[in-house]
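Everything on this sheet refers to the single structure shown next.
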Amino acid sequence: MSAVDDVKQRTDIVDLVGSFVTLLKAGRHFKANCPFHTEKTPSFYVYPERQSWHCYGACATGGDAIAFLQRKENLDFGGALRQLAEKAGVELTNDGPNRQAMKTLQDANEAAALFFHSQLQTSERGRGYVEERGLDAKTVSDFQIGYAPPGWDTLRNHLTSRGYSVEHLVEVGLLVEGERSPYDRFRDRLIIPIRDDRGRVVGFGGRELPGGESSQGGAKYVNTPQTSLFDKSSLLYGLDRAKDEMRRLGTVVIVEGYMDVIAAHQFGHRNVVASMGTSLTERQAALLQRFAERVVLAMDADEAGKAANLRAIQVVAAAERPTRAAGRPKSLDIRVLALPKGKDPDELIRSSEADAWPQAVESARPVVDHLIAVVSAGLDLAEPRDRSTLVAEVLPAIGDVLDPVLRAHYLQRLSRLARVGEEALRLELPRRNRQRTTAAPASEPGGASGRGVRPAATASKEAFALALLYNVPSLREKGEEISEFLFAMSENRELFRRWRDEQLVLEDEEALYEHYQTVIATRIPMDETDELERAFLDCVERLHRVTIMTVKEASALALAEGEAGVRPGQVASIARARLEAGSTEESDSDQEASAVASQLLEDMEAGLRFHRRLIEGYRPDHTGSQNG
């Protein structure tokens, strides 16, 4: 059982809602004036058997205990879950003492960043290197660049004197376990704090200075190791400062080094980030997609053709999803900038030619063009075996192109180069993509989608719809048309909101992340785009029917059980009379029936409002059309 299920199982929704409003018994159910809007006649119902609630009035929505507390207390999913878990006595692994420990580690990093930055002001070696690299005072301050003194315990003594334990400093990667005692990881190095997209210091990069450790066999860079805060596969250096400019320009440029990012920002190119010196991962690609529509990978001319970097390029292309521009669907534009021979981004950015860097970025080639050029350059296309290699390397990338016109263009081009008919390549596409996804181990980034990798999971309709949305980028336009209220389970509703708003589910949100992993591991037994779209529309239509039927059934039960003894025929006649503005004189029994009739009419109207809200702007069909 997941933590979310455990919390919901131990929470009585009647007790929860009853702590905020006065509930009146209505048969097996309870009713009240809605706590979320002003009304005279109760339209808010609580269903103990289902452990759910629903407002048939202006809100026209409902959910479970977590959804109720979210709305009532204006909390996010995690905040509501934590409150209910505390009341229910359920321990969430990322809460309580562990949550405080994480804050302590975060504070230790912030304190270390301040210490290193202050040390730079008094270090001739540190300031000399900064000046040599042409970094001005504002840039040094903005990026909080620092210097680690050469001593083995300088940082340790500073932080322990401020109450941080040696154990915490080892855990966060600032100290290294030694034979005698832990010692400073960073010594006599320029220090670059590494922040997550929210601007929190999660780790450090230490660059050796001239005459320093590297001349004695040390590494040029020493980075924070993997910790509970620092995971370089899901971080992009400079993103916290670049994301606003990325949104404005719609473009992000990815370079390799910290100093390249810092120089770019100093010279006004603020949409530049670094991939932490590793091949770009799916998680980094997903992070980028929240802020930009075009991704430019800046690579050294010699590196741009290496197999590892070609795989990195394909990771980004495979993570491609449709975005919106001016209200119209648009595919993520992946481009590769092969830097001039012997040049790095820093040199181009500082070039005497002011337009050198912008022109280089503008001239970056689309990813498939780059792959075709690089792969074919190393082959003899007169040889059938080499032509087969070209198809094997390039065809999967073409399959990831969402725009059908572009895909057709690249298939035609590959057909000419490989001397293979276009139709044969088109038929080969699904098999090549299947091979690629099934070949990736589940533990590696390439296998993260779960399609064809993990065993099939028994999933609800809601989970299956979410699995399609998370795993099939081409469904974004259809997915954005549905309402979040189609999902009755609060955890599924939250996952849909995250998907819709392009927000990541982070590993430290352990309860939600556990559910997210289950959802994306759902096996999707089809490959063709048309099949996937039909499956999604079928699923949405069934969810829509289930939701409407649930509302109608619950409403009918509430009316029938809450007003026992009133004859249906009498209710019908009174309702008809009221609709026709007939006589207002009623007998005692008619007055009772009139109350039920009034409730019935209000319920019918509320049902219509709910129905309209649920499908506003969306009516599923199997032709891909949209009705008002």
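Letters A, B, ... mark the chains of the structure tokens in the order given; residue numbers begin at 1 per chain; ligand numbers begin at 1, in order shown.
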Residues near stretch 407-412 of chain A, cut-off 12 Å, only C-alpha atoms, skip fewer than 2 positions along chain, as an mmCIF file with all heavy atoms, in the first residue's frame:
data_model
loop_
_atom_site.group_PDB
_atom_site.id
_atom_site.type_symbol
_atom_site.label_atom_id
_atom_site.label_comp_id
_atom_site.auth_asym_id
_atom_site.auth_seq_id
_atom_site.Cartn_x
_atom_site.Cartn_y
_atom_site.Cartn_z
ATOM 1 N N SER A 331 6.206 21.758 -32.365
ATOM 2 C CA SER A 331 7.110 20.759 -31.804
ATOM 3 C C SER A 331 8.346 21.430 -31.205
ATOM 4 O O SER A 331 8.771 22.499 -31.643
ATOM 5 C CB SER A 331 7.560 19.781 -32.894
ATOM 6 O OG SER A 331 6.474 19.044 -33.363
ATOM 7 N N PRO A 366 19.212 21.707 -37.207
ATOM 8 C CA PRO A 366 18.228 20.804 -36.588
ATOM 9 C C PRO A 366 18.861 19.457 -36.297
ATOM 10 O O PRO A 366 19.753 19.002 -37.018
ATOM 11 C CB PRO A 366 17.128 20.698 -37.644
ATOM 12 C CG PRO A 366 17.228 21.980 -38.410
ATOM 13 C CD PRO A 366 18.705 22.303 -38.450
ATOM 14 N N VAL A 367 18.403 18.802 -35.244
ATOM 15 C CA VAL A 367 19.053 17.599 -34.751
ATOM 16 C C VAL A 367 19.160 16.507 -35.804
ATOM 17 O O VAL A 367 20.198 15.844 -35.922
ATOM 18 C CB VAL A 367 18.328 17.079 -33.492
ATOM 19 C CG1 VAL A 367 16.905 16.703 -33.766
ATOM 20 C CG2 VAL A 367 19.062 15.916 -32.877
ATOM 21 N N VAL A 368 18.116 16.297 -36.602
ATOM 22 C CA VAL A 368 18.170 15.222 -37.591
ATOM 23 C C VAL A 368 19.168 15.555 -38.692
ATOM 24 O O VAL A 368 19.905 14.687 -39.173
ATOM 25 C CB VAL A 368 16.772 14.935 -38.178
ATOM 26 C CG1 VAL A 368 16.849 13.807 -39.203
ATOM 27 C CG2 VAL A 368 15.796 14.556 -37.070
ATOM 28 N N ASP A 369 19.235 16.819 -39.100
ATOM 29 C CA ASP A 369 20.239 17.237 -40.098
ATOM 30 C C ASP A 369 21.645 16.971 -39.570
ATOM 31 O O ASP A 369 22.521 16.500 -40.301
ATOM 32 C CB ASP A 369 20.087 18.726 -40.405
ATOM 33 C CG ASP A 369 18.838 19.037 -41.198
ATOM 34 O OD1 ASP A 369 18.687 18.515 -42.307
ATOM 35 O OD2 ASP A 369 17.996 19.793 -40.684
ATOM 36 N N HIS A 370 21.855 17.277 -38.284
ATOM 37 C CA HIS A 370 23.172 17.041 -37.683
ATOM 38 C C HIS A 370 23.494 15.548 -37.654
ATOM 39 O O HIS A 370 24.614 15.140 -38.013
ATOM 40 C CB HIS A 370 23.195 17.605 -36.265
ATOM 41 C CG HIS A 370 24.473 17.333 -35.535
ATOM 42 N ND1 HIS A 370 25.629 18.043 -35.749
ATOM 43 C CD2 HIS A 370 24.782 16.383 -34.599
ATOM 44 C CE1 HIS A 370 26.595 17.565 -34.982
ATOM 45 N NE2 HIS A 370 26.109 16.557 -34.267
ATOM 46 N N LEU A 371 22.534 14.749 -37.251
ATOM 47 C CA LEU A 371 22.776 13.307 -37.188
ATOM 48 C C LEU A 371 23.093 12.739 -38.565
ATOM 49 O O LEU A 371 24.015 11.936 -38.723
ATOM 50 C CB LEU A 371 21.546 12.600 -36.614
ATOM 51 C CG LEU A 371 21.319 12.759 -35.100
ATOM 52 C CD1 LEU A 371 19.955 12.203 -34.707
ATOM 53 C CD2 LEU A 371 22.408 12.050 -34.320
ATOM 54 N N ILE A 372 22.337 13.146 -39.559
ATOM 55 C CA ILE A 372 22.581 12.648 -40.923
ATOM 56 C C ILE A 372 23.979 13.036 -41.384
ATOM 57 O O ILE A 372 24.730 12.212 -41.927
ATOM 58 C CB ILE A 372 21.516 13.191 -41.900
ATOM 59 C CG1 ILE A 372 20.158 12.551 -41.601
ATOM 60 C CG2 ILE A 372 21.928 12.926 -43.350
ATOM 61 C CD1 ILE A 372 19.013 13.131 -42.424
ATOM 62 N N VAL A 391 20.750 3.947 -41.711
ATOM 63 C CA VAL A 391 19.319 3.818 -41.405
ATOM 64 C C VAL A 391 19.119 3.513 -39.919
ATOM 65 O O VAL A 391 18.266 4.106 -39.250
ATOM 66 C CB VAL A 391 18.661 2.727 -42.277
ATOM 67 C CG1 VAL A 391 17.254 2.421 -41.788
ATOM 68 C CG2 VAL A 391 18.641 3.159 -43.736
ATOM 69 N N VAL A 394 19.843 6.781 -37.837
ATOM 70 C CA VAL A 394 19.068 7.994 -38.094
ATOM 71 C C VAL A 394 17.558 7.781 -38.020
ATOM 72 O O VAL A 394 16.820 8.658 -37.574
ATOM 73 C CB VAL A 394 19.461 8.602 -39.462
ATOM 74 C CG1 VAL A 394 18.576 9.799 -39.796
ATOM 75 C CG2 VAL A 394 20.924 9.002 -39.455
ATOM 76 N N LEU A 395 17.085 6.601 -38.419
ATOM 77 C CA LEU A 395 15.640 6.391 -38.504
ATOM 78 C C LEU A 395 14.913 6.597 -37.167
ATOM 79 O O LEU A 395 13.833 7.210 -37.140
ATOM 80 C CB LEU A 395 15.346 4.999 -39.067
ATOM 81 C CG LEU A 395 13.883 4.754 -39.488
ATOM 82 C CD1 LEU A 395 13.447 5.755 -40.554
ATOM 83 C CD2 LEU A 395 13.708 3.325 -39.996
ATOM 84 N N PRO A 396 15.438 6.117 -36.026
ATOM 85 C CA PRO A 396 14.736 6.371 -34.760
ATOM 86 C C PRO A 396 14.557 7.862 -34.472
ATOM 87 O O PRO A 396 13.524 8.276 -33.948
ATOM 88 C CB PRO A 396 15.637 5.720 -33.712
ATOM 89 C CG PRO A 396 16.358 4.645 -34.456
ATOM 90 C CD PRO A 396 16.611 5.220 -35.815
ATOM 91 N N ALA A 397 15.566 8.675 -34.820
ATOM 92 C CA ALA A 397 15.455 10.119 -34.596
ATOM 93 C C ALA A 397 14.374 10.723 -35.483
ATOM 94 O O ALA A 397 13.644 11.626 -35.065
ATOM 95 C CB ALA A 397 16.802 10.798 -34.862
ATOM 96 N N ILE A 398 14.247 10.218 -36.707
ATOM 97 C CA ILE A 398 13.182 10.695 -37.592
ATOM 98 C C ILE A 398 11.819 10.324 -37.019
ATOM 99 O O ILE A 398 10.860 11.094 -37.090
ATOM 100 C CB ILE A 398 13.359 10.111 -39.009
ATOM 101 C CG1 ILE A 398 14.641 10.661 -39.651
ATOM 102 C CG2 ILE A 398 12.147 10.420 -39.882
ATOM 103 C CD1 ILE A 398 14.953 10.070 -41.017
ATOM 104 N N GLY A 399 11.746 9.139 -36.417
ATOM 105 C CA GLY A 399 10.491 8.707 -35.814
ATOM 106 C C GLY A 399 10.045 9.596 -34.666
ATOM 107 O O GLY A 399 8.859 9.657 -34.340
ATOM 108 N N ASP A 400 10.998 10.302 -34.037
ATOM 109 C CA ASP A 400 10.671 11.193 -32.930
ATOM 110 C C ASP A 400 10.194 12.572 -33.393
ATOM 111 O O ASP A 400 9.773 13.387 -32.577
ATOM 112 C CB ASP A 400 11.885 11.384 -32.012
ATOM 113 C CG ASP A 400 12.211 10.126 -31.226
ATOM 114 O OD1 ASP A 400 11.261 9.433 -30.816
ATOM 115 O OD2 ASP A 400 13.396 9.829 -31.050
ATOM 116 N N VAL A 401 10.293 12.841 -34.695
ATOM 117 C CA VAL A 401 9.839 14.128 -35.229
ATOM 118 C C VAL A 401 8.313 14.126 -35.252
ATOM 119 O O VAL A 401 7.688 13.271 -35.873
ATOM 120 C CB VAL A 401 10.403 14.376 -36.645
ATOM 121 C CG1 VAL A 401 9.824 15.654 -37.229
ATOM 122 C CG2 VAL A 401 11.926 14.440 -36.601
ATOM 123 N N LEU A 402 7.704 15.090 -34.575
ATOM 124 C CA LEU A 402 6.251 15.118 -34.448
ATOM 125 C C LEU A 402 5.562 15.706 -35.671
ATOM 126 O O LEU A 402 4.470 15.295 -36.029
ATOM 127 C CB LEU A 402 5.852 15.925 -33.208
ATOM 128 C CG LEU A 402 6.369 15.387 -31.878
ATOM 129 C CD1 LEU A 402 5.987 16.330 -30.755
ATOM 130 C CD2 LEU A 402 5.837 13.992 -31.601
ATOM 131 N N ASP A 403 6.197 16.687 -36.300
ATOM 132 C CA ASP A 403 5.595 17.346 -37.455
ATOM 133 C C ASP A 403 5.586 16.387 -38.641
ATOM 134 O O ASP A 403 6.647 15.955 -39.106
ATOM 135 C CB ASP A 403 6.406 18.602 -37.801
ATOM 136 C CG ASP A 403 5.742 19.455 -38.862
ATOM 137 O OD1 ASP A 403 5.290 18.882 -39.876
ATOM 138 O OD2 ASP A 403 5.682 20.681 -38.677
ATOM 139 N N PRO A 404 4.407 16.009 -39.172
ATOM 140 C CA PRO A 404 4.347 15.024 -40.258
ATOM 141 C C PRO A 404 5.034 15.493 -41.536
ATOM 142 O O PRO A 404 5.586 14.678 -42.281
ATOM 143 C CB PRO A 404 2.847 14.818 -40.480
ATOM 144 C CG PRO A 404 2.190 16.014 -39.877
ATOM 145 C CD PRO A 404 3.061 16.446 -38.759
ATOM 146 N N VAL A 405 5.026 16.810 -41.797
ATOM 147 C CA VAL A 405 5.689 17.332 -43.006
ATOM 148 C C VAL A 405 7.198 17.176 -42.875
ATOM 149 O O VAL A 405 7.881 16.728 -43.816
ATOM 150 C CB VAL A 405 5.304 18.810 -43.235
ATOM 151 C CG1 VAL A 405 6.067 19.375 -44.428
ATOM 152 C CG2 VAL A 405 3.802 18.941 -43.454
ATOM 153 N N LEU A 414 16.523 10.486 -46.248
ATOM 154 C CA LEU A 414 17.192 9.239 -45.878
ATOM 155 C C LEU A 414 17.017 8.193 -46.973
ATOM 156 O O LEU A 414 17.934 7.399 -47.244
ATOM 157 C CB LEU A 414 16.633 8.723 -44.557
ATOM 158 C CG LEU A 414 17.284 7.461 -43.991
ATOM 159 C CD1 LEU A 414 18.773 7.674 -43.731
ATOM 160 C CD2 LEU A 414 16.591 7.027 -42.695
ATOM 161 N N SER A 415 15.873 8.202 -47.603
ATOM 162 C CA SER A 415 15.613 7.258 -48.696
ATOM 163 C C SER A 415 16.628 7.431 -49.818
ATOM 164 O O SER A 415 17.153 6.453 -50.364
ATOM 165 C CB SER A 415 14.192 7.474 -49.222
ATOM 166 O OG SER A 415 13.986 6.749 -50.413
ATOM 167 N N ARG A 416 16.909 8.695 -50.167
ATOM 168 C CA ARG A 416 17.875 8.957 -51.238
ATOM 169 C C ARG A 416 19.277 8.519 -50.834
ATOM 170 O O ARG A 416 20.006 7.904 -51.607
ATOM 171 C CB ARG A 416 17.877 10.444 -51.588
ATOM 172 C CG ARG A 416 16.621 10.924 -52.312
ATOM 173 C CD ARG A 416 16.870 12.265 -52.994
ATOM 174 N NE ARG A 416 17.303 13.284 -52.047
ATOM 175 C CZ ARG A 416 16.486 14.103 -51.405
ATOM 176 N NH1 ARG A 416 15.182 14.001 -51.612
ATOM 177 N NH2 ARG A 416 16.953 15.006 -50.572
ATOM 178 N N LEU A 417 19.676 8.844 -49.582
ATOM 179 C CA LEU A 417 21.026 8.522 -49.136
ATOM 180 C C LEU A 417 21.243 7.015 -48.989
ATOM 181 O O LEU A 417 22.301 6.486 -49.350
ATOM 182 C CB LEU A 417 21.317 9.206 -47.796
ATOM 183 C CG LEU A 417 21.525 10.718 -47.819
ATOM 184 C CD1 LEU A 417 21.558 11.273 -46.403
ATOM 185 C CD2 LEU A 417 22.826 11.070 -48.551
ATOM 186 N N ALA A 418 20.235 6.333 -48.451
ATOM 187 C CA ALA A 418 20.377 4.897 -48.183
ATOM 188 C C ALA A 418 19.943 4.036 -49.363
ATOM 189 O O ALA A 418 20.093 2.809 -49.319
ATOM 190 C CB ALA A 418 19.560 4.523 -46.947
ATOM 191 N N ARG A 419 19.360 4.692 -50.388
ATOM 192 C CA ARG A 419 18.879 3.989 -51.591
ATOM 193 C C ARG A 419 17.845 2.929 -51.220
ATOM 194 O O ARG A 419 17.896 1.776 -51.653
ATOM 195 C CB ARG A 419 20.052 3.361 -52.352
ATOM 196 C CG ARG A 419 21.123 4.368 -52.738
ATOM 197 C CD ARG A 419 22.291 3.700 -53.447
ATOM 198 N NE ARG A 419 23.449 4.574 -53.475
ATOM 199 C CZ ARG A 419 24.633 4.242 -53.961
ATOM 200 N NH1 ARG A 419 24.804 3.021 -54.464
ATOM 201 N NH2 ARG A 419 25.642 5.090 -53.955
ATOM 202 N N VAL A 420 16.915 3.358 -50.357
ATOM 203 C CA VAL A 420 15.826 2.495 -49.901
ATOM 204 C C VAL A 420 14.521 3.239 -50.137
ATOM 205 O O VAL A 420 14.455 4.456 -49.949
ATOM 206 C CB VAL A 420 15.970 2.163 -48.399
ATOM 207 C CG1 VAL A 420 14.816 1.299 -47.916
ATOM 208 C CG2 VAL A 420 17.292 1.466 -48.135
ATOM 209 N N GLY A 421 13.494 2.534 -50.542
ATOM 210 C CA GLY A 421 12.208 3.161 -50.787
ATOM 211 C C GLY A 421 11.636 3.814 -49.527
ATOM 212 O O GLY A 421 11.785 3.295 -48.421
ATOM 213 N N GLU A 422 10.963 4.958 -49.722
ATOM 214 C CA GLU A 422 10.374 5.668 -48.583
ATOM 215 C C GLU A 422 9.363 4.801 -47.834
ATOM 216 O O GLU A 422 9.302 4.818 -46.607
ATOM 217 C CB GLU A 422 9.673 6.946 -49.058
ATOM 218 C CG GLU A 422 10.621 8.055 -49.459
ATOM 219 C CD GLU A 422 9.854 9.302 -49.876
ATOM 220 O OE1 GLU A 422 8.975 9.741 -49.103
ATOM 221 O OE2 GLU A 422 10.111 9.814 -50.983
ATOM 222 N N GLU A 423 8.558 4.048 -48.585
ATOM 223 C CA GLU A 423 7.527 3.233 -47.947
ATOM 224 C C GLU A 423 8.159 2.168 -47.055
ATOM 225 O O GLU A 423 7.668 1.869 -45.957
ATOM 226 C CB GLU A 423 6.635 2.584 -48.993
ATOM 227 C CG GLU A 423 5.420 1.859 -48.434
ATOM 228 C CD GLU A 423 4.512 2.772 -47.623
ATOM 229 O OE1 GLU A 423 4.465 3.992 -47.906
ATOM 230 O OE2 GLU A 423 3.872 2.278 -46.678
ATOM 231 N N ALA A 424 9.285 1.610 -47.497
ATOM 232 C CA ALA A 424 9.984 0.604 -46.695
ATOM 233 C C ALA A 424 10.486 1.216 -45.386
ATOM 234 O O ALA A 424 10.400 0.612 -44.311
ATOM 235 C CB ALA A 424 11.154 0.011 -47.477
ATOM 236 N N LEU A 425 11.008 2.448 -45.454
ATOM 237 C CA LEU A 425 11.468 3.133 -44.245
ATOM 238 C C LEU A 425 10.306 3.450 -43.317
ATOM 239 O O LEU A 425 10.408 3.301 -42.096
ATOM 240 C CB LEU A 425 12.197 4.432 -44.618
ATOM 241 C CG LEU A 425 13.538 4.282 -45.346
ATOM 242 C CD1 LEU A 425 14.074 5.655 -45.737
ATOM 243 C CD2 LEU A 425 14.552 3.554 -44.479
ATOM 244 N N ARG A 426 9.193 3.866 -43.907
ATOM 245 C CA ARG A 426 8.018 4.210 -43.096
ATOM 246 C C ARG A 426 7.499 2.983 -42.342
ATOM 247 O O ARG A 426 7.119 3.063 -41.172
ATOM 248 C CB ARG A 426 6.934 4.792 -44.002
ATOM 249 C CG ARG A 426 5.777 5.427 -43.241
ATOM 250 C CD ARG A 426 4.825 6.152 -44.170
ATOM 251 N NE ARG A 426 5.402 7.376 -44.700
ATOM 252 C CZ ARG A 426 5.836 7.529 -45.945
ATOM 253 N NH1 ARG A 426 5.753 6.518 -46.803
ATOM 254 N NH2 ARG A 426 6.348 8.658 -46.347
ATOM 255 N N LEU A 427 7.514 1.840 -43.015
ATOM 256 C CA LEU A 427 7.066 0.609 -42.376
ATOM 257 C C LEU A 427 8.042 0.143 -41.300
ATOM 258 O O LEU A 427 7.669 -0.537 -40.349
ATOM 259 C CB LEU A 427 6.882 -0.493 -43.421
ATOM 260 C CG LEU A 427 5.739 -0.284 -44.425
ATOM 261 C CD1 LEU A 427 5.785 -1.341 -45.517
ATOM 262 C CD2 LEU A 427 4.397 -0.325 -43.697
ATOM 263 N N GLU A 428 9.307 0.516 -41.457
ATOM 264 C CA GLU A 428 10.350 0.100 -40.513
ATOM 265 C C GLU A 428 10.351 0.949 -39.241
ATOM 266 O O GLU A 428 10.861 0.516 -38.198
ATOM 267 C CB GLU A 428 11.717 0.213 -41.211
ATOM 268 C CG GLU A 428 12.917 -0.245 -40.392
ATOM 269 C CD GLU A 428 13.005 -1.757 -40.248
ATOM 270 O OE1 GLU A 428 12.131 -2.473 -40.802
ATOM 271 O OE2 GLU A 428 13.934 -2.229 -39.584
ATOM 272 N N LEU A 429 9.757 2.146 -39.299
ATOM 273 C CA LEU A 429 9.802 3.074 -38.173
ATOM 274 C C LEU A 429 9.331 2.473 -36.845
ATOM 275 O O LEU A 429 10.043 2.559 -35.835
ATOM 276 C CB LEU A 429 8.976 4.324 -38.485
ATOM 277 C CG LEU A 429 9.731 5.523 -39.070
ATOM 278 C CD1 LEU A 429 8.751 6.634 -39.413
ATOM 279 C CD2 LEU A 429 10.776 6.025 -38.106
#
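Residue nearest A:Arg200 within the list A:Ala113, A:Glu177, A:Val21, A:Ser141: A:Ala113 [criterion: smallest interatomic distance, only C-alpha atoms].
Our summary of the geometry notes that atom CA of A:Ser234 is positioned 9.2 Å from atom CA of A:Ser275.
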Find the residues near A:Ser52: any atom within 6 Å, counting only C-alpha atoms, skip ones fewer than 5 places away on the same chain, and give them as a PyMOL selection string.
chain A and resi 47+63-64
Write the residues you've just listed into a file as a compact mmCIF listing (two decimals), in the first residue's frame, and include C-alpha atoms for each of them.
# COMPACT_ATOMS: atom_id res chain seq x y z
CA TYR A 47 -20.56 10.02 0.85
CA GLY A 63 -12.97 14.63 -4.67
CA ASP A 64 -11.54 12.77 -1.70
Of the candidates A:Ile262, A:Val201, A:Ser233, A:Glu91, which shows the shortest atom-to-atom distance to A:Ser2, using only C-alpha atoms?
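Of A:Ile262, A:Val201, A:Ser233, A:Glu91, the one nearest A:Ser2 is A:Glu91, counting only C-alpha atoms.
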Pick out the closest residue to A:Phe487 from this set: A:Cys539, A:Arg195, A:Gln503, A:Asp344. Count only C-alpha atoms.
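Going through A:Cys539, A:Arg195, A:Gln503, A:Asp344 one by one, the smallest distance to A:Phe487 is for A:Cys539.
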Could you go through stretch 110-195 of chain A and tell me which residues DSSP, when run on the backbone, assigns to strand (DSSP E or B), listing them as a list in words?
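Those residues are Gly146, Tyr147, Ala148, Leu175, Val176, Tyr183, Asp184, Arg189, Leu190, Ile191, Ile192, Pro193, Ile194 and Arg195 of chain A.
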Please write the residues from the selection above to a file, keeping C-alpha atoms, as a PDB file, in the first residue's frame.
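Contents of part31.pdb, as written:
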ATOM      1  CA  GLY A 146      34.170  31.891  -3.963  1.00  0.00           C
ATOM      2  CA  TYR A 147      37.516  30.444  -3.001  1.00  0.00           C
ATOM      3  CA  ALA A 148      38.370  27.435  -0.817  1.00  0.00           C
ATOM      4  CA  LEU A 175      33.810  16.866   4.018  1.00  0.00           C
ATOM      5  CA  VAL A 176      35.487  13.609   2.976  1.00  0.00           C
ATOM      6  CA  TYR A 183      38.641  16.697   6.023  1.00  0.00           C
ATOM      7  CA  ASP A 184      37.622  19.493   3.597  1.00  0.00           C
ATOM      8  CA  ARG A 189      40.153  25.995  -5.602  1.00  0.00           C
ATOM      9  CA  LEU A 190      37.845  28.509  -7.167  1.00  0.00           C
ATOM     10  CA  ILE A 191      34.377  27.578  -5.884  1.00  0.00           C
ATOM     11  CA  ILE A 192      31.209  27.789  -7.958  1.00  0.00           C
ATOM     12  CA  PRO A 193      27.955  27.193  -6.041  1.00  0.00           C
ATOM     13  CA  ILE A 194      25.513  24.989  -7.949  1.00  0.00           C
ATOM     14  CA  ARG A 195      21.839  25.833  -7.497  1.00  0.00           C
TER      15      ARG A 195
END
Which residues, written as JSON, numbers by chain, have at least one atom at most 9 Å from A:His37, with only C-alpha atoms counted and residues fewer than 2 positions away on the same chain left out?
{"A": [33, 34, 35, 39, 57, 58, 59]}
Within 12 Å of A:Pro150 using only C-alpha atoms, minus same-chain residues under 6 positions, as an mmCIF file with C-alpha atoms, in the first residue's frame:
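Just written: out15.cif:
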data_model
loop_
_atom_site.group_PDB
_atom_site.id
_atom_site.type_symbol
_atom_site.label_atom_id
_atom_site.label_comp_id
_atom_site.auth_asym_id
_atom_site.auth_seq_id
_atom_site.Cartn_x
_atom_site.Cartn_y
_atom_site.Cartn_z
ATOM 1 C CA PHE A 116 33.758 30.564 0.251
ATOM 2 C CA GLN A 119 37.331 34.012 1.331
ATOM 3 C CA SER A 123 42.669 35.580 -1.603
ATOM 4 C CA ARG A 125 45.221 33.599 -5.944
ATOM 5 C CA GLY A 126 41.444 33.477 -6.205
ATOM 6 C CA TYR A 183 38.641 16.697 6.023
ATOM 7 C CA ASP A 184 37.622 19.493 3.597
ATOM 8 C CA ARG A 185 36.735 18.264 0.122
ATOM 9 C CA PHE A 186 37.514 21.616 -1.532
ATOM 10 C CA ARG A 187 41.011 23.058 -1.004
ATOM 11 C CA ASP A 188 42.807 25.838 -2.900
ATOM 12 C CA ARG A 189 40.153 25.995 -5.602
ATOM 13 C CA LEU A 190 37.845 28.509 -7.167
ATOM 14 C CA GLU A 208 41.799 24.060 -9.756
ATOM 15 C CA LEU A 209 43.932 27.191 -9.951
ATOM 16 C CA GLY A 212 47.356 23.860 -7.883
ATOM 17 C CA GLU A 213 46.392 20.215 -7.465
#
List as a list in words the protein and nucleic acid residues near A:Trp499, meaning an atom at most 10 Å away when only C-alpha atoms are counted, but skip any in the same chain fewer than 2 places from it.
Leu466, Leu469, Tyr470, Arg476, Gly479, Glu480, Arg493, Glu494, Leu495, Phe496, Arg497, Asp501, Glu502, Gln503, Leu504 and Val505 of chain A
To one decimal place in Å, what is the distance between atom CA of A:Asp386 and atom CA of A:Arg413?
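Computing the Euclidean distance for atom CA of A:Asp386 and atom CA of A:Arg413 yields 16.1 Å.
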With DSSP run on the backbone, what are the alpha helix (DSSP H) residues within stretch 196-263 of chain A? I'd like them as a ChimeraX atom specification.
/A:239-249,258-263
